[in-house]
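Content type CSV, C-alpha atoms and all ligand atoms, from the file work.csv:
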chain,number,residue,atom,x,y,z
E,30,MET,CA,84.9,140.5,298.6
E,31,GLN,CA,83.3,137.2,297.6
E,32,ASN,CA,86.3,135.9,295.8
E,33,ARG,CA,89.3,135.4,298.0
E,34,PHE,CA,92.2,133.9,296.1
E,35,GLY,CA,93.2,135.3,292.7
E,36,LEU,CA,96.1,135.0,290.3
E,37,PHE,CA,97.9,138.3,289.4
E,38,ILE,CA,99.6,138.3,286.0
E,39,HIS,CA,102.2,140.9,285.0
E,40,TRP,CA,102.9,140.4,281.4
E,41,GLY,CA,104.2,142.7,278.7
E,42,LEU,CA,107.2,143.6,276.6
E,43,TYR,CA,109.4,143.6,279.7
E,44,ALA,CA,109.2,139.8,279.7
E,45,ILE,CA,111.8,139.9,276.8
E,46,PRO,CA,114.7,141.5,278.8
E,47,ALA,CA,113.5,139.4,281.7
E,48,VAL,CA,114.7,141.7,284.5
E,49,HIS,CA,111.9,143.7,285.9
E,50,GLU,CA,108.6,145.1,284.8
E,51,GLN,CA,110.0,148.6,285.2
E,52,VAL,CA,113.3,147.9,283.5
E,53,LEU,CA,112.8,150.9,281.2
E,54,ALA,CA,113.1,153.3,284.1
E,55,ARG,CA,115.3,151.3,286.4
E,56,GLY,CA,117.7,149.9,283.9
E,57,ASP,CA,119.8,151.7,281.4
E,58,TRP,CA,117.5,151.2,278.5
E,59,ASN,CA,117.1,153.8,275.8
E,60,HIS,CA,113.4,154.7,275.3
E,61,ASP,CA,113.3,153.9,271.6
E,62,ASP,CA,115.2,150.6,272.0
E,63,TYR,CA,112.7,149.5,274.7
E,64,GLU,CA,109.7,150.4,272.5
E,65,ALA,CA,111.2,148.5,269.6
E,66,LEU,CA,110.8,145.3,271.7
E,67,MET,CA,107.3,145.3,270.4
E,68,HIS,CA,108.6,144.1,267.1
E,69,ARG,CA,110.0,141.0,268.8
E,70,PHE,CA,107.0,140.2,271.0
E,71,ASP,CA,105.7,136.8,269.7
E,72,PRO,CA,104.4,134.6,272.5
E,73,ILE,CA,103.8,131.5,270.3
E,74,ARG,CA,103.3,129.3,273.4
E,75,TYR,CA,100.6,131.5,274.9
E,76,ASP,CA,97.8,129.2,276.1
E,77,PRO,CA,95.4,131.2,278.2
E,78,GLU,CA,93.2,128.2,279.0
E,79,ALA,CA,96.3,126.6,280.6
E,80,TRP,CA,96.7,129.7,282.8
E,81,VAL,CA,93.1,129.6,283.8
E,82,ARG,CA,93.2,125.8,284.6
E,83,MET,CA,96.4,126.3,286.6
E,84,ALA,CA,94.7,129.0,288.7
E,85,ARG,CA,91.6,127.0,289.1
E,86,ASP,CA,93.5,123.9,290.3
E,87,CYS,CA,95.2,126.1,292.9
E,88,GLY,CA,91.7,127.0,294.3
E,89,MET,CA,91.8,130.5,292.7
E,90,SER,CA,88.5,132.0,291.5
E,91,TYR,CA,89.7,135.1,289.7
E,92,LEU,CA,92.6,136.5,287.7
E,93,CYS,CA,93.9,140.0,287.4
E,94,PHE,CA,95.8,140.9,284.2
E,95,THR,CA,98.0,143.9,283.4
E,96,THR,CA,96.3,145.5,280.5
E,97,LYS,CA,98.8,148.4,280.5
E,98,HIS,CA,101.8,148.7,282.8
E,99,HIS,CA,103.9,151.9,283.4
E,100,ASP,CA,105.7,151.4,280.0
E,101,GLY,CA,102.4,152.3,278.3
E,102,PHE,CA,102.3,149.2,276.1
E,103,CYS,CA,98.8,148.0,275.7
E,104,MET,CA,98.0,144.2,275.7
E,105,TRP,CA,94.7,144.6,273.9
E,106,ASP,CA,93.3,145.9,270.6
E,107,THR,CA,93.1,149.6,271.6
E,108,GLY,CA,92.1,152.3,269.1
E,109,GLN,CA,93.8,154.9,271.3
E,110,THR,CA,97.5,154.2,270.5
E,111,ASP,CA,99.5,152.1,268.0
E,112,TYR,CA,101.7,151.0,270.8
E,113,ASN,CA,99.7,147.8,271.3
E,114,ILE,CA,99.7,144.0,270.9
E,115,MET,CA,98.1,144.1,267.5
E,116,ASN,CA,101.2,145.7,266.0
E,117,THR,CA,103.5,142.9,267.3
E,118,PRO,CA,104.5,139.8,265.3
E,119,TYR,CA,101.9,138.0,267.4
E,120,GLY,CA,99.2,140.3,266.2
E,121,LYS,CA,96.4,138.9,268.3
E,122,ASP,CA,94.4,140.5,271.2
E,123,VAL,CA,95.9,138.6,274.2
E,124,LEU,CA,93.4,140.1,276.5
E,125,LYS,CA,90.5,138.9,274.4
E,126,LEU,CA,91.9,135.4,274.3
E,127,LEU,CA,92.4,135.5,278.1
E,128,ALA,CA,88.8,136.9,278.6
E,129,ASP,CA,87.4,134.1,276.5
E,130,ALA,CA,89.3,131.5,278.5
E,131,CYS,CA,88.1,133.0,281.8
E,132,HIS,CA,84.5,133.2,280.8
E,133,LYS,CA,84.7,129.6,279.5
E,134,TYR,CA,85.9,128.3,282.9
E,135,GLY,CA,83.8,130.6,285.1
E,136,MET,CA,87.0,132.3,286.3
E,137,LYS,CA,86.4,136.0,287.1
E,138,LEU,CA,88.5,138.5,285.3
E,139,SER,CA,90.0,141.7,286.8
E,140,LEU,CA,91.9,144.3,285.0
E,141,TYR,CA,95.1,146.2,286.1
E,142,TYR,CA,95.7,149.6,284.5
E,143,SER,CA,98.7,151.8,285.3
E,144,ASN,CA,98.2,155.5,285.7
E,145,PRO,CA,101.8,156.4,284.9
E,146,ASP,CA,102.4,156.0,281.2
E,147,TRP,CA,105.9,156.3,279.8
E,148,HIS,CA,104.8,156.3,276.2
E,149,HIS,CA,102.0,158.9,276.2
E,150,PRO,CA,103.5,162.3,275.7
E,151,ASN,CA,100.9,164.1,277.9
E,152,ALA,CA,100.9,161.8,280.9
E,153,TYR,CA,103.7,163.2,283.0
E,154,ASN,CA,102.2,163.9,286.5
E,155,ALA,CA,104.3,165.8,288.9
E,156,LEU,CA,102.0,165.0,291.8
E,157,SER,CA,102.6,161.3,291.5
E,158,THR,CA,105.4,158.8,291.4
E,159,HIS,CA,106.8,156.3,288.8
E,160,GLN,CA,106.9,159.0,286.2
E,161,TRP,CA,109.2,158.6,283.2
E,162,LYS,CA,112.2,160.7,284.2
E,163,ALA,CA,110.3,163.9,283.3
E,164,LYS,CA,110.9,163.1,279.7
E,165,TYR,CA,108.0,165.3,278.4
E,166,PRO,CA,107.2,167.6,281.3
E,167,GLU,CA,106.6,170.6,279.0
E,168,LEU,CA,104.0,168.5,277.2
E,169,THR,CA,102.0,167.7,280.3
E,170,ASP,CA,98.3,167.9,279.6
E,171,MET,CA,96.3,166.0,282.1
E,172,ASP,CA,93.0,166.8,280.5
E,173,ALA,CA,94.2,165.2,277.3
E,174,TYR,CA,95.7,162.2,279.1
E,175,ILE,CA,92.5,161.7,281.2
E,176,ALA,CA,90.5,161.7,278.0
E,177,PHE,CA,92.8,159.0,276.7
E,178,VAL,CA,92.4,157.0,279.9
E,179,LYS,CA,88.7,157.3,279.8
E,180,ALA,CA,88.6,156.1,276.1
E,181,GLN,CA,90.8,153.1,277.0
E,182,VAL,CA,88.7,152.3,280.1
E,183,THR,CA,85.6,152.4,277.9
E,184,GLU,CA,87.2,149.8,275.5
E,185,LEU,CA,88.3,147.6,278.4
E,186,LEU,CA,85.0,147.6,280.1
E,187,THR,CA,82.9,147.2,277.0
E,188,ASN,CA,84.6,144.6,274.9
E,189,TYR,CA,85.7,141.9,277.3
E,190,GLY,CA,82.5,140.8,279.1
E,191,GLU,CA,82.0,141.0,282.8
E,192,ILE,CA,84.9,142.5,284.7
E,193,TYR,CA,85.2,141.6,288.4
E,194,THR,CA,87.5,144.3,289.8
E,195,PHE,CA,89.5,147.3,288.4
E,196,PHE,CA,93.0,147.6,289.7
E,197,TRP,CA,94.4,151.1,289.1
E,198,ASP,CA,98.1,151.3,289.9
E,199,ILE,CA,100.1,154.3,291.3
E,200,PRO,CA,97.7,156.8,292.8
E,201,PRO,CA,97.7,159.9,290.6
E,202,HIS,CA,96.9,162.2,293.6
E,203,ILE,CA,94.3,163.9,291.3
E,204,GLU,CA,90.7,163.7,292.5
E,205,ASP,CA,88.3,163.1,289.6
E,206,LYS,CA,85.1,161.2,290.5
E,207,SER,CA,84.0,161.1,286.9
E,208,ILE,CA,86.5,158.4,286.1
E,209,ASN,CA,85.2,155.8,288.5
E,210,GLU,CA,81.7,156.9,287.7
E,211,LEU,CA,82.4,155.9,284.1
E,212,VAL,CA,83.8,152.6,285.3
E,213,ARG,CA,80.7,151.8,287.3
E,214,ALA,CA,78.4,153.0,284.5
E,215,LEU,CA,80.0,150.5,282.2
E,216,GLN,CA,80.2,147.6,284.7
E,217,PRO,CA,77.6,148.1,287.5
E,218,ASN,CA,78.9,145.2,289.7
E,219,ILE,CA,82.6,146.1,289.5
E,220,LEU,CA,84.7,146.7,292.6
E,221,ILE,CA,87.5,149.3,292.2
E,222,ASN,CA,90.7,149.5,294.2
E,223,ASN,CA,92.0,152.5,296.1
E,224,ARG,CA,94.9,153.5,293.8
E,225,GLY,CA,92.7,155.5,291.3
E,226,PHE,CA,91.2,159.0,291.1
E,227,ASP,CA,89.1,158.5,294.2
E,228,ALA,CA,89.0,156.3,297.3
E,229,GLY,CA,87.4,153.3,295.5
E,230,ASP,CA,86.1,150.3,297.3
E,231,PHE,CA,89.0,148.3,298.6
E,232,ALA,CA,92.5,148.7,300.1
E,233,THR,CA,95.6,147.1,298.6
E,234,PRO,CA,98.4,146.3,301.0
E,235,GLU,CA,101.3,145.3,298.8
E,236,ARG,CA,104.1,142.8,299.7
E,237,SER,CA,103.1,143.1,303.4
E,238,VAL,CA,101.1,141.3,306.0
E,239,PRO,CA,99.4,144.0,308.2
E,240,ASP,CA,99.2,143.5,312.0
E,241,GLY,CA,95.8,142.8,313.7
E,242,ASP,CA,93.1,140.2,313.5
E,243,ARG,CA,90.6,141.9,311.2
E,244,PHE,CA,90.8,144.4,308.3
E,245,PRO,CA,88.6,147.4,309.0
E,246,THR,CA,87.7,147.8,305.3
E,247,MET,CA,87.4,145.6,302.3
E,248,THR,CA,91.0,144.5,301.4
E,249,GLU,CA,92.9,142.7,298.7
E,250,ALA,CA,96.5,142.1,299.5
E,251,CYS,CA,99.0,141.4,296.7
E,252,GLN,CA,102.3,139.7,296.6
E,253,SER,CA,104.5,138.1,293.9
E,254,VAL,CA,106.1,134.7,293.9
E,255,GLY,CA,109.5,136.3,293.9
E,256,GLU,CA,111.0,139.1,295.8
E,257,ASN,CA,112.6,141.1,293.0
E,258,SER,CA,110.0,141.7,290.3
E,259,TRP,CA,106.3,141.3,289.3
E,260,GLY,CA,107.2,140.8,285.7
E,261,TYR,CA,109.2,137.8,284.6
E,262,ARG,CA,112.8,137.9,285.8
E,263,ALA,CA,115.2,135.2,284.7
E,264,GLU,CA,117.2,135.4,287.9
E,265,GLU,CA,114.3,135.8,290.3
E,266,ASP,CA,114.7,135.1,294.0
E,267,TYR,CA,111.7,133.1,295.0
E,268,PHE,CA,109.9,133.2,298.2
E,269,SER,CA,109.4,130.0,300.2
E,270,ALA,CA,106.0,128.3,300.0
E,271,ARG,CA,106.0,128.6,303.7
E,272,HIS,CA,106.3,132.4,303.7
E,273,LEU,CA,103.6,132.8,301.1
E,274,MET,CA,101.2,130.3,302.8
E,275,GLN,CA,101.7,132.0,306.1
E,276,SER,CA,100.9,135.4,304.5
E,277,ILE,CA,97.8,134.1,302.7
E,278,ASP,CA,96.5,132.4,305.8
E,279,LYS,CA,96.8,135.4,308.0
E,280,ILE,CA,95.4,137.8,305.4
E,281,MET,CA,92.4,135.6,304.7
E,282,ALA,CA,91.7,135.0,308.4
E,283,MET,CA,91.7,138.7,308.7
E,284,GLY,CA,88.9,138.8,306.1
E,285,GLY,CA,91.1,139.9,303.2
E,286,SER,CA,91.5,138.6,299.6
E,287,TYR,CA,94.9,137.7,298.2
E,288,LEU,CA,96.3,138.2,294.7
E,289,LEU,CA,99.3,136.1,294.1
E,290,ASN,CA,101.4,137.2,291.2
E,291,VAL,CA,103.4,135.4,288.5
E,292,GLY,CA,105.2,136.9,285.5
E,293,PRO,CA,104.8,134.8,282.4
E,294,MET,CA,107.8,134.5,280.0
E,295,ALA,CA,108.0,136.2,276.6
E,296,ASP,CA,106.9,132.9,274.9
E,297,GLY,CA,103.7,133.0,276.9
E,298,THR,CA,104.5,130.2,279.4
E,299,ILE,CA,104.6,130.5,283.1
E,300,PRO,CA,108.1,129.8,284.6
E,301,THR,CA,108.3,126.2,285.9
E,302,ARG,CA,109.5,127.5,289.4
E,303,SER,CA,106.5,129.8,289.7
E,304,GLU,CA,104.1,127.0,288.6
E,305,GLN,CA,105.6,124.6,291.1
E,306,LEU,CA,105.3,127.1,293.9
E,307,LEU,CA,101.7,127.8,293.0
E,308,CYS,CA,100.9,124.0,292.9
E,309,ARG,CA,102.5,123.6,296.4
E,310,ILE,CA,100.4,126.4,297.8
E,311,GLY,CA,97.3,125.2,296.0
E,312,THR,CA,97.6,121.8,297.6
E,313,TRP,CA,97.4,123.4,301.1
E,314,TYR,CA,94.8,125.9,299.9
E,315,ASN,CA,92.4,123.4,298.6
E,316,ARG,CA,92.5,121.5,301.9
E,317,THR,CA,92.0,124.5,304.1
E,318,GLN,CA,89.8,126.6,301.8
E,319,ILE,CA,86.6,126.2,303.9
E,320,ALA,CA,88.3,128.0,306.7
E,321,LEU,CA,89.7,130.7,304.4
E,322,GLU,CA,86.7,131.9,302.5
E,323,ASN,CA,83.7,133.8,303.7
E,324,THR,CA,84.1,133.3,307.4
E,325,ALA,CA,83.1,135.7,310.2
E,326,PRO,CA,85.4,136.7,313.0
E,327,ALA,CA,84.9,134.4,316.0
E,328,ALA,CA,82.2,135.8,318.4
E,329,ARG,CA,84.6,135.3,321.4
E,330,THR,CA,88.2,135.2,322.1
E,331,TYR,CA,90.0,132.0,323.1
E,332,SER,CA,92.9,131.6,325.4
E,333,LEU,CA,95.1,128.8,324.1
E,334,SER,CA,98.2,127.1,325.4
E,335,GLY,CA,101.5,127.4,323.7
E,336,GLY,CA,101.4,131.1,322.9
E,337,MET,CA,101.5,130.7,319.1
E,338,PRO,CA,99.7,133.5,317.3
E,339,HIS,CA,96.3,132.5,316.0
E,340,ILE,CA,93.2,134.0,314.5
E,341,ALA,CA,89.8,132.3,315.2
E,342,VAL,CA,87.0,132.7,312.6
E,343,GLU,CA,83.7,130.9,312.3
E,344,LYS,CA,81.1,129.7,309.8
E,345,ASN,CA,78.0,127.6,310.3
E,346,GLY,CA,78.7,127.0,314.0
E,347,VAL,CA,82.2,125.7,313.4
E,348,THR,CA,85.2,127.6,314.7
E,349,TYR,CA,88.4,127.5,312.6
E,350,PHE,CA,91.7,128.2,314.4
E,351,HIS,CA,94.3,129.6,312.1
E,352,PHE,CA,97.8,129.0,313.4
E,353,TYR,CA,99.4,131.0,310.7
E,354,ARG,CA,102.9,130.4,312.0
E,355,GLY,CA,102.3,126.7,312.8
E,356,LEU,CA,102.5,125.2,316.3
E,357,ASN,CA,105.4,124.4,318.6
E,358,SER,CA,103.6,121.5,320.3
E,359,THR,CA,101.4,118.6,319.4
E,360,ALA,CA,98.6,119.8,321.6
E,361,VAL,CA,96.5,122.9,321.9
E,362,THR,CA,94.7,123.3,325.2
E,363,LEU,CA,91.6,125.5,325.6
E,364,LEU,CA,92.3,127.3,328.8
E,365,ASP,CA,89.2,129.5,329.3
E,366,ASP,CA,86.9,128.7,332.3
E,367,ASP,CA,83.7,129.2,330.3
E,368,ILE,CA,84.7,127.4,327.2
E,369,PRO,CA,81.9,125.4,325.5
E,370,LYS,CA,82.7,121.7,325.1
E,371,PRO,CA,84.4,120.8,321.9
E,372,CYS,CA,83.0,117.6,320.5
E,373,ARG,CA,85.2,117.2,317.3
E,374,ALA,CA,88.4,118.7,316.1
E,375,VAL,CA,89.8,118.2,312.6
E,376,LEU,CA,93.2,119.2,311.3
E,377,LEU,CA,92.2,120.5,307.8
E,378,ASN,CA,95.7,120.2,306.5
E,379,SER,CA,95.4,116.4,306.6
E,380,GLY,CA,91.7,115.9,307.1
E,381,GLU,CA,92.3,113.8,310.2
E,382,THR,CA,90.2,113.9,313.4
E,383,LEU,CA,92.3,114.8,316.4
E,384,PRO,CA,91.7,113.3,319.9
E,385,ILE,CA,90.3,115.6,322.5
E,386,ARG,CA,91.1,115.1,326.2
E,387,HIS,CA,88.9,116.5,328.9
E,388,GLY,CA,90.5,116.8,332.2
E,389,THR,CA,90.8,118.9,335.4
E,390,LEU,CA,93.7,120.8,336.8
E,391,PRO,CA,94.2,121.9,340.4
E,392,SER,CA,93.7,125.7,340.6
E,393,LYS,CA,94.3,127.7,343.7
E,394,VAL,CA,91.4,129.8,344.8
E,395,ASP,CA,92.9,131.3,347.9
E,396,ALA,CA,95.4,130.2,350.6
E,397,ASP,CA,93.1,127.5,351.9
E,398,THR,CA,91.1,126.4,348.9
E,399,VAL,CA,92.1,124.6,345.7
E,400,ALA,CA,89.4,124.1,343.1
E,401,ARG,CA,89.7,121.9,340.0
E,402,LYS,CA,89.6,123.7,336.7
E,403,GLN,CA,88.3,122.0,333.6
E,404,TYR,CA,90.3,122.0,330.4
E,405,TYR,CA,90.0,120.5,326.9
E,406,SER,CA,93.1,119.6,325.0
E,407,ILE,CA,93.2,118.9,321.3
E,408,ARG,CA,96.1,116.4,321.0
E,409,GLU,CA,98.4,114.4,318.7
E,410,ILE,CA,98.6,117.2,316.1
E,411,PRO,CA,101.2,116.0,313.6
E,412,VAL,CA,103.2,119.2,313.6
E,413,ASP,CA,106.4,117.8,312.2
E,414,GLU,CA,104.6,116.4,309.2
E,415,TYR,CA,103.6,120.0,308.2
E,416,PRO,CA,106.7,122.1,308.9
E,417,ALA,CA,105.9,124.6,306.1
E,418,GLU,CA,102.1,124.9,306.4
E,419,PRO,CA,100.0,127.2,308.5
E,420,LEU,CA,97.9,124.7,310.6
E,421,VAL,CA,94.1,125.1,310.6
E,422,ILE,CA,92.0,123.2,313.1
E,423,ALA,CA,88.2,123.1,312.8
E,424,VAL,CA,86.4,122.7,316.1
E,425,GLU,CA,82.7,121.7,316.5
E,426,TRP,CA,81.0,122.3,319.8
E,427,ALA,CA,78.6,120.1,321.7
E,501,LIG,C1,104.0,148.5,292.5
E,501,LIG,C2,105.0,148.4,291.3
E,501,LIG,C3,104.4,147.9,290.1
E,501,LIG,C4,103.5,146.7,290.3
E,501,LIG,C5,102.5,147.0,291.4
E,501,LIG,C6,101.7,145.8,291.8
E,501,LIG,O1,103.1,149.5,292.3
E,501,LIG,O2,105.5,149.7,291.1
E,501,LIG,O3,105.4,147.7,289.1
E,501,LIG,O4,102.8,146.6,289.1
E,501,LIG,O5,103.3,147.3,292.5
E,501,LIG,O6,100.8,146.1,292.8
Please rewrite the model in this file as structure tokens.
Amino acid sequence: MQNRFGLFIHWGLYAIPAVHEQVLARGDWNHDDYEALMHRFDPIRYDPEAWVRMARDCGMSYLCFTTKHHDGFCMWDTGQTDYNIMNTPYGKDVLKLLADACHKYGMKLSLYYSNPDWHHPNAYNALSTHQWKAKYPELTDMDAYIAFVKAQVTELLTNYGEIYTFFWDIPPHIEDKSINELVRALQPNILINNRGFDAGDFATPERSVPDGDRFPTMTEACQSVGENSWGYRAEEDYFSARHLMQSIDKIMAMGGSYLLNVGPMADGTIPTRSEQLLCRIGTWYNRTQIALENTAPAARTYSLSGGMPHIAVEKNGVTYFHFYRGLNSTAVTLLDDDIPKPCRAVLLNSGETLPIRHGTLPSKVDADTVARKQYYSIREIPVDEYPAEPLVIAVEWA
């Protein structure tokens, strides 16, 4: 994927109880009381251009918005159900306002759409998960529901300009290629994730950092700023910037993209804590971006001193060493015999050029012979000044 860092936004009626985006199923809410929240949804401080500028300032180039979450409430002017944003006190198409802001700033827009739908009477799918407590199993009519989904997808992919990716959520375990064919017919350049009605284009590891050095397929990982919920939660437990930056660094070094989620509050603003965390991450991201986006795996492996995990990638003849868990020492020594000569090393976190020492070490060949082995050491890395950040070192070769 061309775009590597995106803002995920979970926003809907669930921002009012401020517990969890699935509070209807997970809490003890009565269905009708929950749906009545729509008569209170009035995000008077909603400023989509501020969201877009915040994402841009963090180095993000796309944004993925929940058009309809599992509760079935639609955040756009849909003609397929009255359970939508136009019938709230706010009464404006929040998706349209967001799309306009994205297009104005050149921010790509992606759309999230939940397959489970706890409002639509025909949507119950026994093959899948996250269904509404089998409320209407006797009314199950997948053909009717899929016709509704297609009509909504047509609206979403016709009325809001160019859409970058389509994020289906919760695999329905029903194979129907005609649905993604419709998506592609409406938006020929779109990328589709793997949680829909066929395999789609890209994988979606969620809240995890997979093992390995390289993803085998196109991948977009997603994670939220807090560990409890994707939607706004008043008592959220936030991740450390360190944890999130380590995850982002490893996933991007593996060739993946990263969607980092925030849940705006019911008034339309992003919680201060979330924004501060994003800013902190953005500061690191903007400095190391060159090593995170559109690189190739290094053509060779490197044996390095210190034993800290690393992934090497390259671009335009420069090798970028990602020490996604930082370093334990102020030096990294290139230990291979056949190493090319490094002529410049820069710590991207600070922009400073690091000294390189060339030396030789005694190396035993056999009982009678000791040869001298060459080494290069990149030194004086200010590790204690960056205790929270993954360290990224750019190396140019002579
Ligand atoms: C899970 C959750 C859902 C959330 C999604 C984001 O599927 O069930 O609430 O929207 O993750 O990827």
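Each residue with an atom within 6 Å of any atom of ligand LIG 501 (chain E) appears in the list, which was built counting only C-alpha atoms and all ligand atoms: E:Glu50, E:Asp198, E:Ile199.
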Note to self: Neighbouring residues of E:Glu322 were defined as those with any atom within 9 Å, considering only C-alpha atoms; residues of the same chain fewer than 5 positions away were excluded. Please report them as an NGL selection string.
What the structure shows: :E and (31-34 or 281-282 or 284 or 286)
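Here atom CA of E:Trp105 is placed at a distance of 22.6 Å from atom CA of E:Glu210.
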Go through stretch 252-341 of chain E and flag each residue having an atom no more than 12 Å from stretch 118-125 of chain E; for those, report the closest pair of atoms plus their distance in Å to one decimal, using only C-alpha atoms, ordered by chain and rising number, as JSON lines.
{"residue": "E:Ala295", "atom": "CA", "partner": "E:Tyr119", "partner_atom": "CA", "distance": 11.2}
{"residue": "E:Asp296", "atom": "CA", "partner": "E:Tyr119", "partner_atom": "CA", "distance": 10.4}
{"residue": "E:Gly297", "atom": "CA", "partner": "E:Val123", "partner_atom": "CA", "distance": 10.0}
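With only C-alpha atoms taken into account, every residue lying no more than 9 Å from the file point (94.6, 135.6, 306.9) is included here: Val238, Asp242, Arg243, Gln275, Ser276, Ile277, Asp278, Lys279, Ile280, Met281, Ala282, Met283, Gly284, Gly285, Ser286, Tyr287, Leu321, Ile340, His351 and Tyr353 of chain E.
Counting all atoms listed in the file, the residue from E:Ser406, E:Gln51, E:Thr382, E:Gln318 that sits nearest to E:Met89 is E:Gln318.
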Check: Interatomic distance between atom CA of E:Asp129 and atom CA of E:Gly108?
Finding: 20.2 Å
Pull the closest atom pair for each residue of stretch 44-134 of chain E that gets at most 9 Å from stretch 154-170 of chain E, along with the distance in Å to one decimal, counting only C-alpha atoms, ordering rows by chain and then ascending residue number, as a tab-separated table.
residue	atom	partner	partner_atom	distance
E:Leu53	CA	E:Trp161	CA	8.7
E:Ala54	CA	E:Trp161	CA	6.6
E:His99	CA	E:His159	CA	7.5
E:Asp100	CA	E:Trp161	CA	8.6
Using the selection just defined, write its residues with C-alpha atoms as a PDB file, in the coordinates of the input.
ATOM      1  CA  LEU E  53     112.800 150.900 281.200  1.00  0.00           C
ATOM      2  CA  ALA E  54     113.100 153.300 284.100  1.00  0.00           C
ATOM      3  CA  HIS E  99     103.900 151.900 283.400  1.00  0.00           C
ATOM      4  CA  ASP E 100     105.700 151.400 280.000  1.00  0.00           C
TER       5      ASP E 100
END
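For the point (81.0, 148.0, 278.6), the residues with an atom at a distance of at most 6 Å are E:Leu186, E:Thr187, E:Leu215, counting all atoms listed in the file.
For the residues E:Asp397, E:Asp61, E:Glu343, E:Glu414, ranking by smallest atom-to-atom distance to E:Trp426 using only C-alpha atoms places E:Glu343 first.
With distances restricted to all atoms listed in the file, E:Pro416 is the closest residue to E:His272 from E:Val399, E:Pro416, E:Cys372, E:Val361.
From atom CA of E:Gly190 back to atom CA of E:Asp76, the distance works out to 19.4 Å.
Distance check against E:Tyr314 using only C-alpha atoms: of E:Asp71, E:Glu418, E:Glu184, E:Asp172, the minimum falls on E:Glu418.
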Notebook entry, point to check: Which residue out of E:Ile203, E:Leu140, E:Asn209, E:Thr194 has the minimum interatomic distance to E:Met171 when only C-alpha atoms are used?
Noted result: E:Ile203
Notebook entry, point to check: Which residues come within 10 Å of E:Leu420, counting all atoms listed in the file, excluding same-chain residues fewer than 4 positions away, as a VMD selection string?
Noted result: chain E and resid 275 278 313 317 339 350 to 356 376 to 379 410 to 412 415 to 416
Check: From the set E:Gly56, E:Pro239, E:Gly346, E:Gly41, which residue has the shortest atom-to-atom contact distance to E:Lys97, counting all atoms listed in the file?
Finding: E:Gly41
